[in-house]
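Trainee: File follows, start.tsv with TSV, C-alpha atoms:
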chain	number	residue	atom	x	y	z
A	1	MET	CA	-16.74	49.37	-21.58
A	2	GLN	CA	-13.37	47.76	-21.13
A	3	ASN	CA	-14.78	45.29	-18.60
A	4	LEU	CA	-17.12	43.91	-21.23
A	5	ILE	CA	-14.24	42.68	-23.32
A	6	LEU	CA	-13.67	38.99	-22.81
A	7	GLY	CA	-10.42	38.21	-21.11
A	8	ALA	CA	-10.14	41.70	-19.78
A	9	ALA	CA	-11.97	41.27	-16.52
A	10	ALA	CA	-8.89	41.36	-14.40
A	11	GLY	CA	-6.75	43.72	-16.36
A	12	GLY	CA	-6.64	45.86	-19.44
A	13	GLY	CA	-6.12	44.36	-22.86
A	14	LEU	CA	-5.89	40.76	-23.99
A	15	ASN	CA	-3.42	38.77	-21.97
A	16	THR	CA	-1.83	36.94	-24.85
A	17	GLY	CA	0.99	35.85	-22.59
A	18	ASP	CA	-1.43	34.14	-20.21
A	19	ILE	CA	-2.90	32.17	-23.10
A	20	LEU	CA	0.46	30.87	-24.19
A	21	TYR	CA	1.59	30.29	-20.63
A	22	GLN	CA	-1.54	28.31	-19.75
A	23	LEU	CA	-1.27	26.28	-22.93
A	24	ALA	CA	2.40	25.53	-22.38
A	25	ALA	CA	1.88	24.74	-18.69
A	26	PHE	CA	-0.99	22.37	-19.42
A	27	LEU	CA	0.81	20.57	-22.21
A	28	ILE	CA	3.98	20.22	-20.14
A	29	LEU	CA	1.89	18.94	-17.23
A	30	LEU	CA	0.16	16.50	-19.57
A	31	VAL	CA	3.44	15.14	-20.91
A	32	LEU	CA	5.10	14.94	-17.49
A	33	LEU	CA	2.13	13.23	-15.85
A	34	ARG	CA	1.79	10.79	-18.74
A	35	LYS	CA	5.43	9.84	-18.28
A	36	PHE	CA	5.73	9.86	-14.49
A	37	ALA	CA	2.24	9.15	-13.14
A	38	TRP	CA	-0.37	7.84	-15.55
A	39	GLY	CA	2.00	5.48	-17.37
A	40	PRO	CA	3.18	3.56	-14.29
A	41	LEU	CA	-0.28	3.70	-12.71
A	42	MET	CA	-1.95	2.34	-15.83
A	43	GLY	CA	0.78	-0.31	-16.02
A	44	ILE	CA	0.14	-1.56	-12.52
A	45	MET	CA	-3.63	-1.47	-13.05
A	46	LYS	CA	-3.28	-3.49	-16.23
A	47	GLU	CA	-0.92	-5.87	-14.46
A	48	ARG	CA	-3.39	-6.35	-11.63
A	49	GLN	CA	-6.19	-6.90	-14.11
A	50	SER	CA	-4.28	-9.59	-15.94
A	51	HIS	CA	-3.23	-11.10	-12.62
A	52	ILE	CA	-6.86	-11.26	-11.48
A	53	ASN	CA	-7.87	-12.66	-14.86
A	54	SER	CA	-5.27	-15.40	-14.69
A	55	GLU	CA	-6.17	-16.14	-11.07
A	56	ILE	CA	-9.84	-16.48	-12.00
A	57	ASP	CA	-8.89	-18.72	-14.92
A	58	ALA	CA	-6.72	-20.84	-12.65
A	59	ALA	CA	-9.46	-21.09	-10.04
A	60	GLU	CA	-11.98	-22.06	-12.70
A	61	LYS	CA	-9.61	-24.66	-14.07
A	62	SER	CA	-8.88	-26.19	-10.67
A	63	ARG	CA	-12.59	-26.19	-9.90
A	64	GLN	CA	-13.23	-28.14	-13.12
A	65	GLU	CA	-10.41	-30.49	-12.25
A	66	ALA	CA	-11.78	-31.03	-8.76
A	67	LYS	CA	-15.23	-31.66	-10.20
A	68	SER	CA	-14.06	-34.25	-12.70
A	69	TYR	CA	-11.84	-35.80	-10.03
A	70	LEU	CA	-14.79	-36.00	-7.69
A	71	GLU	CA	-16.89	-37.59	-10.42
A	72	THR	CA	-14.29	-40.25	-11.14
A	73	GLN	CA	-13.91	-40.83	-7.41
A	74	VAL	CA	-17.63	-41.31	-6.96
A	75	ALA	CA	-17.76	-43.68	-9.92
A	76	GLU	CA	-14.76	-45.55	-8.58
A	77	LEU	CA	-16.30	-45.82	-5.15
A	78	LYS	CA	-19.53	-47.10	-6.62
A	79	LYS	CA	-17.62	-49.67	-8.63
A	80	ALA	CA	-15.64	-50.74	-5.59
A	81	LYS	CA	-18.83	-51.12	-3.56
A	82	GLU	CA	-20.41	-53.27	-6.27
A	83	GLU	CA	-17.28	-55.35	-6.51
A	84	ALA	CA	-17.17	-55.84	-2.76
A	85	LYS	CA	-20.81	-56.83	-2.75
A	86	SER	CA	-20.33	-59.38	-5.54
A	87	ILE	CA	-17.27	-60.76	-3.75
A	88	ILE	CA	-19.22	-61.17	-0.53
A	89	ASP	CA	-22.16	-62.75	-2.39
A	90	ASN	CA	-19.83	-65.16	-4.14
A	91	ALA	CA	-18.10	-66.03	-0.92
A	92	LYS	CA	-21.42	-66.61	0.81
A	93	LYS	CA	-22.65	-68.81	-2.01
A	94	GLN	CA	-19.42	-70.71	-2.13
A	95	GLY	CA	-19.42	-71.12	1.65
A	96	GLU	CA	-22.95	-72.44	1.62
A	97	ALA	CA	-22.16	-74.90	-1.17
A	98	GLN	CA	-19.00	-75.98	0.57
A	99	GLY	CA	-20.81	-76.42	3.87
A	100	GLU	CA	-23.48	-78.50	2.26
A	101	ALA	CA	-20.87	-80.61	0.51
A	102	ILE	CA	-19.02	-81.13	3.80
A	103	ILE	CA	-22.20	-82.11	5.62
A	104	LYS	CA	-23.16	-84.50	2.84
A	105	ALA	CA	-19.69	-86.02	2.78
A	106	SER	CA	-19.61	-86.50	6.52
A	107	ARG	CA	-23.10	-87.98	6.49
A	108	ASP	CA	-22.05	-90.43	3.79
A	109	GLU	CA	-18.92	-91.22	5.71
A	110	ALA	CA	-20.89	-91.83	8.88
A	111	GLU	CA	-23.27	-94.08	7.01
A	112	ARG	CA	-20.38	-96.02	5.50
A	113	VAL	CA	-18.64	-96.38	8.88
A	114	LYS	CA	-21.88	-97.54	10.48
A	115	GLU	CA	-22.49	-100.13	7.80
A	116	ALA	CA	-18.94	-101.39	8.03
A	117	ALA	CA	-19.26	-101.67	11.79
A	118	LEU	CA	-22.56	-103.55	11.49
A	119	ALA	CA	-21.07	-105.91	8.92
A	120	GLU	CA	-18.07	-106.59	11.16
A	121	ILE	CA	-20.32	-107.16	14.14
A	122	ALA	CA	-22.37	-109.64	12.13
A	123	SER	CA	-19.31	-111.51	10.86
A	124	GLU	CA	-17.73	-111.61	14.35
A	125	LYS	CA	-20.96	-112.93	15.74
A	126	GLU	CA	-21.10	-115.66	13.14
A	127	LYS	CA	-17.48	-116.50	13.77
A	128	ALA	CA	-18.11	-116.68	17.51
A	129	VAL	CA	-21.15	-118.85	17.05
A	130	ALA	CA	-19.20	-121.19	14.78
A	131	THR	CA	-16.32	-121.42	17.29
A	132	LEU	CA	-18.76	-122.09	20.11
A	133	ARG	CA	-20.45	-124.70	18.09
A	134	GLN	CA	-17.15	-126.46	17.40
A	135	GLU	CA	-16.11	-126.28	20.98
A	136	VAL	CA	-19.42	-127.52	22.27
A	137	ALA	CA	-19.16	-130.42	19.83
A	138	ALA	CA	-15.64	-131.17	20.92
A	139	LEU	CA	-16.60	-130.97	24.59
A	140	SER	CA	-19.61	-133.20	24.06
A	141	VAL	CA	-17.38	-135.75	22.40
A	142	LYS	CA	-14.89	-135.53	25.27
A	143	ILE	CA	-17.56	-135.80	27.91
A	144	ALA	CA	-19.18	-138.65	26.14
A	145	SER	CA	-15.90	-140.46	25.74
A	146	LYS	CA	-15.10	-140.00	29.43
A	147	VAL	CA	-18.58	-141.12	30.46
A	148	ILE	CA	-18.28	-144.12	28.29
A	149	ALA	CA	-14.74	-144.91	29.45
A	150	LYS	CA	-15.72	-145.14	33.08
A	151	GLU	CA	-18.55	-147.22	34.52
A	152	LEU	CA	-19.92	-145.46	37.39
A	153	ASP	CA	-22.85	-145.39	39.70
A	154	GLU	CA	-25.53	-142.96	39.35
A	155	SER	CA	-24.37	-140.62	42.10
A	156	SER	CA	-20.72	-140.67	41.20
A	157	GLN	CA	-21.74	-140.33	37.58
A	158	GLU	CA	-23.62	-137.25	38.36
A	159	LYS	CA	-20.74	-135.98	40.43
A	160	LEU	CA	-18.36	-136.66	37.64
A	161	ILE	CA	-20.54	-134.84	35.08
A	162	ASN	CA	-20.78	-131.85	37.37
A	163	GLU	CA	-17.01	-131.89	37.82
A	164	TYR	CA	-16.41	-131.91	34.15
A	165	LEU	CA	-19.01	-129.27	33.52
A	166	GLN	CA	-17.38	-127.12	36.13
A	167	GLU	CA	-14.02	-127.81	34.59
A	168	VAL	CA	-15.37	-126.80	31.20
A	169	GLY	CA	-16.95	-123.68	32.63
A	170	GLU	CA	-13.68	-122.70	34.32
A	171	SER	CA	-11.61	-123.27	31.24
A	172	ARG	CA	-13.95	-121.10	29.19
B	173	MET	CA	-14.44	44.13	-4.92
B	174	GLU	CA	-12.62	45.32	-8.03
B	175	HIS	CA	-9.02	44.28	-7.94
B	176	GLY	CA	-6.31	45.24	-10.33
B	177	ALA	CA	-3.67	42.95	-11.66
B	178	VAL	CA	0.02	43.35	-12.24
B	179	THR	CA	0.85	42.86	-15.88
B	180	ALA	CA	4.18	42.61	-17.54
B	181	ASP	CA	5.04	42.87	-21.21
B	182	PHE	CA	7.54	40.38	-22.50
B	183	LEU	CA	8.38	39.68	-26.14
B	184	GLY	CA	5.31	41.69	-27.15
B	185	LEU	CA	3.03	39.45	-25.06
B	186	THR	CA	1.08	40.64	-22.07
B	187	PHE	CA	1.41	38.49	-18.96
B	188	ASN	CA	-0.88	38.74	-15.97
B	189	LEU	CA	1.63	37.83	-13.29
B	190	SER	CA	-1.08	36.60	-10.91
B	191	ASN	CA	-2.29	34.13	-13.55
B	192	VAL	CA	1.26	33.01	-14.25
B	193	LEU	CA	1.81	32.42	-10.54
B	194	MET	CA	-1.43	30.50	-10.01
B	195	ILE	CA	-1.07	28.40	-13.17
B	196	THR	CA	2.38	27.40	-11.96
B	197	VAL	CA	1.12	26.63	-8.45
B	198	SER	CA	-1.79	24.53	-9.78
B	199	SER	CA	0.44	22.61	-12.16
B	200	VAL	CA	3.03	21.93	-9.46
B	201	ILE	CA	0.37	20.75	-6.99
B	202	VAL	CA	-1.22	18.43	-9.54
B	203	PHE	CA	2.19	17.11	-10.52
B	204	LEU	CA	3.18	16.52	-6.90
B	205	ILE	CA	-0.10	14.77	-6.03
B	206	ALA	CA	0.10	12.51	-9.06
B	207	VAL	CA	3.79	11.70	-8.76
B	208	LEU	CA	3.82	11.21	-4.98
B	209	ALA	CA	0.79	8.95	-5.25
B	210	THR	CA	2.50	6.79	-7.84
B	211	ARG	CA	5.95	6.62	-6.24
B	212	THR	CA	5.37	3.32	-4.49
B	213	LEU	CA	3.07	1.34	-6.75
B	214	SER	CA	1.97	-2.08	-5.61
B	215	MET	CA	-0.44	-4.75	-6.74
B	216	ARG	CA	-2.38	-4.21	-3.52
B	217	PRO	CA	-3.01	-0.47	-3.56
B	218	GLY	CA	-3.30	1.58	-0.43
B	219	GLY	CA	-3.78	5.23	0.47
B	220	MET	CA	-2.92	7.64	-2.30
B	221	GLN	CA	-2.60	4.97	-4.97
B	222	ASN	CA	-6.14	3.90	-4.18
B	223	PHE	CA	-7.36	7.46	-4.57
B	224	LEU	CA	-5.60	7.95	-7.89
B	225	GLU	CA	-6.87	4.62	-9.18
B	226	TRP	CA	-10.36	5.74	-8.25
B	227	VAL	CA	-9.80	8.92	-10.29
B	228	VAL	CA	-8.57	6.82	-13.21
B	229	ASP	CA	-11.67	4.61	-13.02
B	230	PHE	CA	-13.87	7.70	-12.75
B	231	VAL	CA	-12.39	9.24	-15.91
B	232	LYS	CA	-12.57	5.85	-17.61
B	233	GLY	CA	-16.27	5.86	-16.79
B	234	ILE	CA	-16.66	9.32	-18.33
B	235	ILE	CA	-14.89	8.22	-21.52
B	236	ASN	CA	-16.81	4.95	-21.73
B	237	SER	CA	-20.11	6.81	-21.44
B	238	THR	CA	-19.34	8.87	-24.57
B	239	MET	CA	-17.40	6.53	-26.86
B	240	ASP	CA	-16.08	3.00	-27.05
B	241	TRP	CA	-12.84	2.29	-25.27
B	242	HIS	CA	-10.99	1.41	-28.46
B	243	THR	CA	-11.27	5.02	-29.65
B	244	GLY	CA	-11.45	6.70	-26.26
B	245	GLY	CA	-8.52	5.00	-24.54
B	246	ARG	CA	-6.03	7.47	-25.99
B	247	PHE	CA	-7.82	10.38	-24.30
B	248	LEU	CA	-7.47	8.95	-20.79
B	249	ALA	CA	-4.30	10.88	-19.95
B	250	LEU	CA	-5.87	14.09	-21.29
B	251	GLY	CA	-9.03	13.58	-19.25
B	252	LEU	CA	-7.10	12.72	-16.08
B	253	THR	CA	-4.86	15.77	-16.39
B	254	LEU	CA	-7.81	18.02	-17.21
B	255	ILE	CA	-10.00	16.92	-14.31
B	256	MET	CA	-7.20	17.09	-11.74
B	257	TYR	CA	-5.82	20.39	-13.01
B	258	ILE	CA	-9.22	22.09	-13.10
B	259	PHE	CA	-10.23	20.70	-9.72
B	260	VAL	CA	-7.04	21.84	-8.04
B	261	ALA	CA	-7.28	25.23	-9.80
B	262	ASN	CA	-10.88	25.63	-8.62
B	263	MET	CA	-9.94	24.77	-5.03
B	264	LEU	CA	-6.99	27.14	-4.83
B	265	GLY	CA	-9.12	30.29	-4.61
B	266	LEU	CA	-11.36	28.93	-1.82
B	267	PRO	CA	-9.34	29.08	1.41
B	268	PHE	CA	-8.06	32.62	0.95
B	269	ALA	CA	-7.26	35.34	-1.54
B	270	VAL	CA	-4.13	37.44	-1.38
B	271	VAL	CA	-4.40	41.08	-2.30
B	272	VAL	CA	-1.30	43.23	-2.39
B	273	ASP	CA	-1.72	46.95	-3.06
B	274	HIS	CA	-5.21	46.35	-4.48
B	275	ASN	CA	-3.77	43.83	-6.87
B	276	LEU	CA	-5.20	40.32	-6.58
B	277	TRP	CA	-2.39	37.78	-6.45
B	278	TRP	CA	-3.77	34.54	-5.02
B	279	LYS	CA	-6.98	33.32	-6.68
B	280	SER	CA	-8.22	30.44	-8.80
B	281	PRO	CA	-6.61	30.61	-12.22
B	282	THR	CA	-9.93	29.35	-13.55
B	283	ALA	CA	-11.61	32.55	-12.30
B	284	ASP	CA	-10.08	34.24	-15.33
B	285	PRO	CA	-11.84	33.85	-18.71
B	286	THR	CA	-8.51	33.99	-20.54
B	287	ILE	CA	-7.44	30.80	-18.83
B	288	THR	CA	-10.72	28.89	-19.18
B	289	LEU	CA	-11.16	29.91	-22.81
B	290	THR	CA	-7.60	28.85	-23.52
B	291	LEU	CA	-8.42	25.40	-22.16
B	292	ALA	CA	-11.70	25.34	-24.09
B	293	VAL	CA	-10.06	26.34	-27.38
B	294	MET	CA	-7.37	23.73	-26.78
B	295	VAL	CA	-10.01	21.03	-26.26
B	296	VAL	CA	-12.00	22.02	-29.36
B	297	ALA	CA	-8.83	22.27	-31.44
B	298	LEU	CA	-7.84	18.81	-30.23
B	299	SER	CA	-11.25	17.48	-31.22
B	300	HIS	CA	-10.79	18.84	-34.77
B	301	TYR	CA	-7.24	17.49	-34.91
B	302	TYR	CA	-8.33	14.00	-33.87
B	303	GLY	CA	-11.36	14.23	-36.17
B	304	VAL	CA	-9.11	14.78	-39.17
B	305	ARG	CA	-6.50	12.28	-38.04
B	306	MET	CA	-8.83	9.40	-37.25
B	307	LYS	CA	-11.48	9.83	-39.97
B	308	GLY	CA	-9.62	11.53	-42.79
B	309	VAL	CA	-10.26	14.99	-44.25
B	310	LYS	CA	-13.15	13.85	-46.45
B	311	GLU	CA	-15.24	12.19	-43.77
B	312	TYR	CA	-14.37	14.92	-41.30
B	313	GLY	CA	-15.57	17.59	-43.76
B	314	ALA	CA	-18.71	15.64	-44.59
B	315	GLU	CA	-19.73	15.79	-40.92
B	316	PHE	CA	-20.45	19.51	-41.35
B	317	PHE	CA	-23.19	18.77	-43.92
B	318	LYS	CA	-25.06	16.15	-41.91
B	319	PRO	CA	-27.89	15.49	-41.53
B	320	MET	CA	-28.97	18.31	-43.96
B	321	LYS	CA	-26.79	20.46	-46.18
B	322	PHE	CA	-28.40	23.74	-45.20
B	323	LEU	CA	-27.41	23.14	-41.55
B	324	PHE	CA	-23.79	23.93	-42.42
B	325	PRO	CA	-23.88	27.49	-40.98
B	326	LEU	CA	-25.39	26.16	-37.77
B	327	LYS	CA	-22.63	23.57	-37.56
B	328	ILE	CA	-20.02	26.30	-37.82
B	329	ILE	CA	-21.79	28.38	-35.17
B	330	GLU	CA	-22.00	25.27	-32.99
B	331	GLU	CA	-18.24	24.95	-32.91
B	332	PHE	CA	-17.83	28.51	-31.63
B	333	ALA	CA	-20.74	28.15	-29.24
B	334	ASN	CA	-19.23	24.97	-27.84
B	335	THR	CA	-15.93	26.68	-27.24
B	336	LEU	CA	-17.48	29.72	-25.62
B	337	THR	CA	-19.88	27.84	-23.37
B	338	LEU	CA	-17.22	25.35	-22.33
B	339	GLY	CA	-14.85	28.12	-21.26
B	340	LEU	CA	-17.34	30.62	-19.89
B	341	ARG	CA	-19.29	28.05	-17.85
B	342	LEU	CA	-16.19	27.21	-15.87
B	343	TYR	CA	-15.12	30.82	-15.59
B	344	GLY	CA	-18.57	32.02	-14.53
B	345	ASN	CA	-19.00	29.44	-11.81
B	346	ILE	CA	-15.59	29.90	-10.25
B	347	PHE	CA	-15.49	33.68	-10.66
B	348	ALA	CA	-18.96	34.07	-9.16
B	349	GLY	CA	-18.01	31.78	-6.29
B	350	GLU	CA	-14.91	33.79	-5.48
B	351	MET	CA	-16.78	37.06	-5.88
B	352	LEU	CA	-19.41	36.01	-3.36
B	353	LEU	CA	-16.72	34.71	-1.02
B	354	GLY	CA	-15.06	38.11	-1.24
B	355	LEU	CA	-18.33	39.88	-0.48
B	356	LEU	CA	-19.02	37.66	2.53
B	357	VAL	CA	-15.50	38.27	3.84
B	358	GLY	CA	-16.17	41.99	3.42
B	359	LEU	CA	-19.37	41.56	5.43
B	360	THR	CA	-17.56	39.88	8.32
B	361	LYS	CA	-15.14	42.81	8.48
B	362	MET	CA	-17.93	45.33	9.10
B	363	GLY	CA	-18.24	44.72	12.83
B	364	ILE	CA	-18.49	42.09	15.53
B	365	PHE	CA	-22.22	41.47	15.00
B	366	ALA	CA	-21.88	41.23	11.24
B	367	GLY	CA	-18.77	39.12	11.71
B	368	VAL	CA	-20.53	36.53	13.88
B	369	LEU	CA	-23.55	36.57	11.60
B	370	GLY	CA	-21.56	36.53	8.38
B	371	ILE	CA	-19.36	33.57	9.28
B	372	PHE	CA	-22.21	31.11	8.77
B	373	PRO	CA	-23.05	31.96	5.15
B	374	LEU	CA	-19.32	32.14	4.52
B	375	ILE	CA	-18.84	28.57	5.74
B	376	VAL	CA	-21.89	27.39	3.81
B	377	TRP	CA	-20.76	29.11	0.62
B	378	GLN	CA	-17.23	27.72	0.93
B	379	GLY	CA	-18.66	24.23	1.27
B	380	PHE	CA	-20.87	24.83	-1.73
B	381	SER	CA	-17.91	26.18	-3.69
B	382	VAL	CA	-16.00	22.97	-3.06
B	383	PHE	CA	-18.98	21.12	-4.51
B	384	VAL	CA	-19.23	23.53	-7.46
B	385	GLY	CA	-15.50	23.28	-8.12
B	386	ALA	CA	-15.67	19.48	-8.21
B	387	ILE	CA	-18.79	19.50	-10.38
B	388	GLN	CA	-17.28	22.00	-12.83
B	389	ALA	CA	-14.11	19.93	-13.16
B	390	PHE	CA	-16.31	16.89	-13.89
B	391	ILE	CA	-18.48	18.81	-16.39
B	392	PHE	CA	-15.48	20.25	-18.22
B	393	THR	CA	-13.95	16.78	-18.60
B	394	MET	CA	-17.28	15.23	-19.55
B	395	LEU	CA	-17.94	17.85	-22.26
B	396	THR	CA	-14.39	17.48	-23.53
B	397	MET	CA	-15.04	13.80	-24.06
B	398	VAL	CA	-18.43	14.49	-25.63
B	399	TYR	CA	-16.93	16.92	-28.17
B	400	LEU	CA	-14.07	14.52	-28.89
B	401	ALA	CA	-16.53	11.67	-29.35
B	402	HIS	CA	-18.60	13.79	-31.75
B	403	LYS	CA	-15.60	14.36	-33.98
B	404	VAL	CA	-13.98	10.98	-33.62
B	405	SER	CA	-16.69	8.33	-33.67
B	406	HIS	CA	-18.23	7.08	-36.89
B	407	ASP	CA	-21.80	6.56	-35.88
B	408	HIS	CA	-22.76	10.22	-35.52
Translate the structure described by the file into structure tokens.
Mentor:
Amino acid sequence: MQNLILGAAAGGGLNTGDILYQLAAFLILLVLLRKFAWGPLMGIMKERQSHINSEIDAAEKSRQEAKSYLETQVAELKKAKEEAKSIIDNAKKQGEAQGEAIIKASRDEAERVKEAALAEIASEKEKAVATLRQEVAALSVKIASKVIAKELDESSQEKLINEYLQEVGESR
Amino acid sequence: MEHGAVTADFLGLTFNLSNVLMITVSSVIVFLIAVLATRTLSMRPGGMQNFLEWVVDFVKGIINSTMDWHTGGRFLALGLTLIMYIFVANMLGLPFAVVVDHNLWWKSPTADPTITLTLAVMVVALSHYYGVRMKGVKEYGAEFFKPMKFLFPLKIIEEFANTLTLGLRLYGNIFAGEMLLGLLVGLTKMGIFAGVLGIFPLIVWQGFSVFVGAIQAFIFTMLTMVYLAHKVSHDH
């Protein structure tokens, strides 16, 4: 019958001492472990958790920063491209206009120079003709006066005229 | 397989010296494991710290499955100590038993109903203590008359049944395991043939006892948290 009593399987009677000893041992173990093991362990686990949290936050933040930076960079690049394009277009337009202006100016200049040259040629020609005319007149007068001054026969007359003509031709 | 036990009377209390020895050994082993594992703590855990952190997460999981962390966080140290103490106590009786003059000295302390019922009563008493402390006497008392007033006697019986089943489940599993281990060892001593034949079930049963010991430690901790949650949380 004694074996049917709870707590009496291993020995006779109720082991009241075991109860108290187990209780005391467990509570002491609980207190000691809380102080020496669980406390520090929980501390480091919490620390790691907060560390990971802050790291994730930092990573998220830098990702956002990188994203916005990238966006501004893309916008900037686009702007720069447009600017470059407009600059090139302007330059091209300006170059074309300038080229046309230069060509027109040089054409005008050439025209002007040509006209001036033609005018000079015409005036020189007129001058030359006038001079020739004067000289011919003067020579004719001279020849005539010489012919008149001397009475000569036909052959010597002719000879004389030829002489004078030659003389005139040489002096010219 | 009946073994006696050496008892000593001290200050009018009866001590089973085998229990005293094994409780001390279990406590010291648990203390050493926990303290050695947390001597060199680092942010990048390795080895023993990893193991202990796994245990912490495991017990956290048990608590979180029964109550919210705001209420249950304070029971983490209790759960950790319980699960490690009971597991170590369950394992101690597996490798060998020491019998001196027909008195059993080395065994699992949890193979004694006095020990397991002490733990069970402690847990249930704690649940009542926290019930009163966290909800107040009035709300705590009102719990006994819910959902119907006439269920009050059943509620009282439930408290005793909880205590008994919690303690005796652990005791029964571990005691039966050790008993069968003892019988199988006895079988191997009967002769060479029986020895060769008996070693296989012995190995199998030892492996199974490791499993049972781990499961019982888990169940004891789980039920502790369930009882605590019943008394502590407001939604029941």
Trainee: Quick one: residues within 9 Å of (-7.6, 32.2, -12.4) (file frame), counting only C-alpha atoms, please, as a PDB file with C-alpha atoms, in the frame of the given file.
Mentor:
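Result file follows (out-v7.pdb):
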ATOM      1  CA  SER B 190      -1.080  36.600 -10.910  1.00  0.00           C
ATOM      2  CA  ASN B 191      -2.290  34.130 -13.550  1.00  0.00           C
ATOM      3  CA  MET B 194      -1.430  30.500 -10.010  1.00  0.00           C
ATOM      4  CA  ILE B 195      -1.070  28.400 -13.170  1.00  0.00           C
ATOM      5  CA  ALA B 261      -7.280  25.230  -9.800  1.00  0.00           C
ATOM      6  CA  ASN B 262     -10.880  25.630  -8.620  1.00  0.00           C
ATOM      7  CA  GLY B 265      -9.120  30.290  -4.610  1.00  0.00           C
ATOM      8  CA  TRP B 278      -3.770  34.540  -5.020  1.00  0.00           C
ATOM      9  CA  LYS B 279      -6.980  33.320  -6.680  1.00  0.00           C
ATOM     10  CA  SER B 280      -8.220  30.440  -8.800  1.00  0.00           C
ATOM     11  CA  PRO B 281      -6.610  30.610 -12.220  1.00  0.00           C
ATOM     12  CA  THR B 282      -9.930  29.350 -13.550  1.00  0.00           C
ATOM     13  CA  ALA B 283     -11.610  32.550 -12.300  1.00  0.00           C
ATOM     14  CA  ASP B 284     -10.080  34.240 -15.330  1.00  0.00           C
ATOM     15  CA  PRO B 285     -11.840  33.850 -18.710  1.00  0.00           C
ATOM     16  CA  THR B 286      -8.510  33.990 -20.540  1.00  0.00           C
ATOM     17  CA  ILE B 287      -7.440  30.800 -18.830  1.00  0.00           C
ATOM     18  CA  THR B 288     -10.720  28.890 -19.180  1.00  0.00           C
ATOM     19  CA  TYR B 343     -15.120  30.820 -15.590  1.00  0.00           C
ATOM     20  CA  ILE B 346     -15.590  29.900 -10.250  1.00  0.00           C
ATOM     21  CA  PHE B 347     -15.490  33.680 -10.660  1.00  0.00           C
TER      22      PHE B 347
END
Trainee: Could you please tell me, as a PyMOL selection string, which residues of chain B have an atom within 8 Å of chain A when using all atoms listed in the file?
Mentor: chain B and resi 175-179+182+185-188+191-192+195-196+199+203+206-207+210+213-215+225+249-250+253+284-287+290-291+294
Trainee: Rounded to one decimal, what separation in Å do you get between atom CA of Gln157 of chain A and atom CA of Ser145 of chain A?
Mentor: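 Going from atom CA of Gln157 of chain A over to atom CA of Ser145 of chain A covers 13.2 Å.
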Trainee: Give me, please, the distance in Å between atom CA of Lys232 of chain B and atom CA of Tyr399 of chain B, quoted to one decimal.
Mentor: 15.9 Å
Trainee: Near Thr396 of chain B, counting all atoms listed in the file, which residues have an atom at most 8 Å away, once you skip same-chain residues fewer than 4 positions from it, shown as a compact mmCIF listing (two decimals) with C-alpha atoms, in the coordinates of the input?
Mentor:
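Ended up saving to around.txt:
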# COMPACT_ATOMS: atom_id res chain seq x y z
CA GLY B 251 -9.03 13.58 -19.25
CA VAL B 295 -10.01 21.03 -26.26
CA VAL B 296 -12.00 22.02 -29.36
CA PHE B 392 -15.48 20.25 -18.22
CA LEU B 400 -14.07 14.52 -28.89
Trainee: What separation in Å, quoted to one decimal, exists between atom CA of Glu60 of chain A and atom CA of Gln73 of chain A?
Mentor: 19.6 Å
Trainee: Need to verify the contact set: segment 402-404 of chain B, 7 Å, all atoms listed in the file, exclusion of same-chain residues closer than 2 positions in sequence. Can you return it as a PDB file with C-alpha atoms, in the coordinates of the input?
Mentor:
ATOM      1  CA  SER B 299     -11.250  17.480 -31.220  1.00  0.00           C
ATOM      2  CA  HIS B 300     -10.790  18.840 -34.770  1.00  0.00           C
ATOM      3  CA  TYR B 302      -8.330  14.000 -33.870  1.00  0.00           C
ATOM      4  CA  GLY B 303     -11.360  14.230 -36.170  1.00  0.00           C
ATOM      5  CA  MET B 306      -8.830   9.400 -37.250  1.00  0.00           C
ATOM      6  CA  LYS B 307     -11.480   9.830 -39.970  1.00  0.00           C
ATOM      7  CA  VAL B 398     -18.430  14.490 -25.630  1.00  0.00           C
ATOM      8  CA  TYR B 399     -16.930  16.920 -28.170  1.00  0.00           C
ATOM      9  CA  LEU B 400     -14.070  14.520 -28.890  1.00  0.00           C
ATOM     10  CA  HIS B 406     -18.230   7.080 -36.890  1.00  0.00           C
ATOM     11  CA  HIS B 408     -22.760  10.220 -35.520  1.00  0.00           C
TER      12      HIS B 408
END
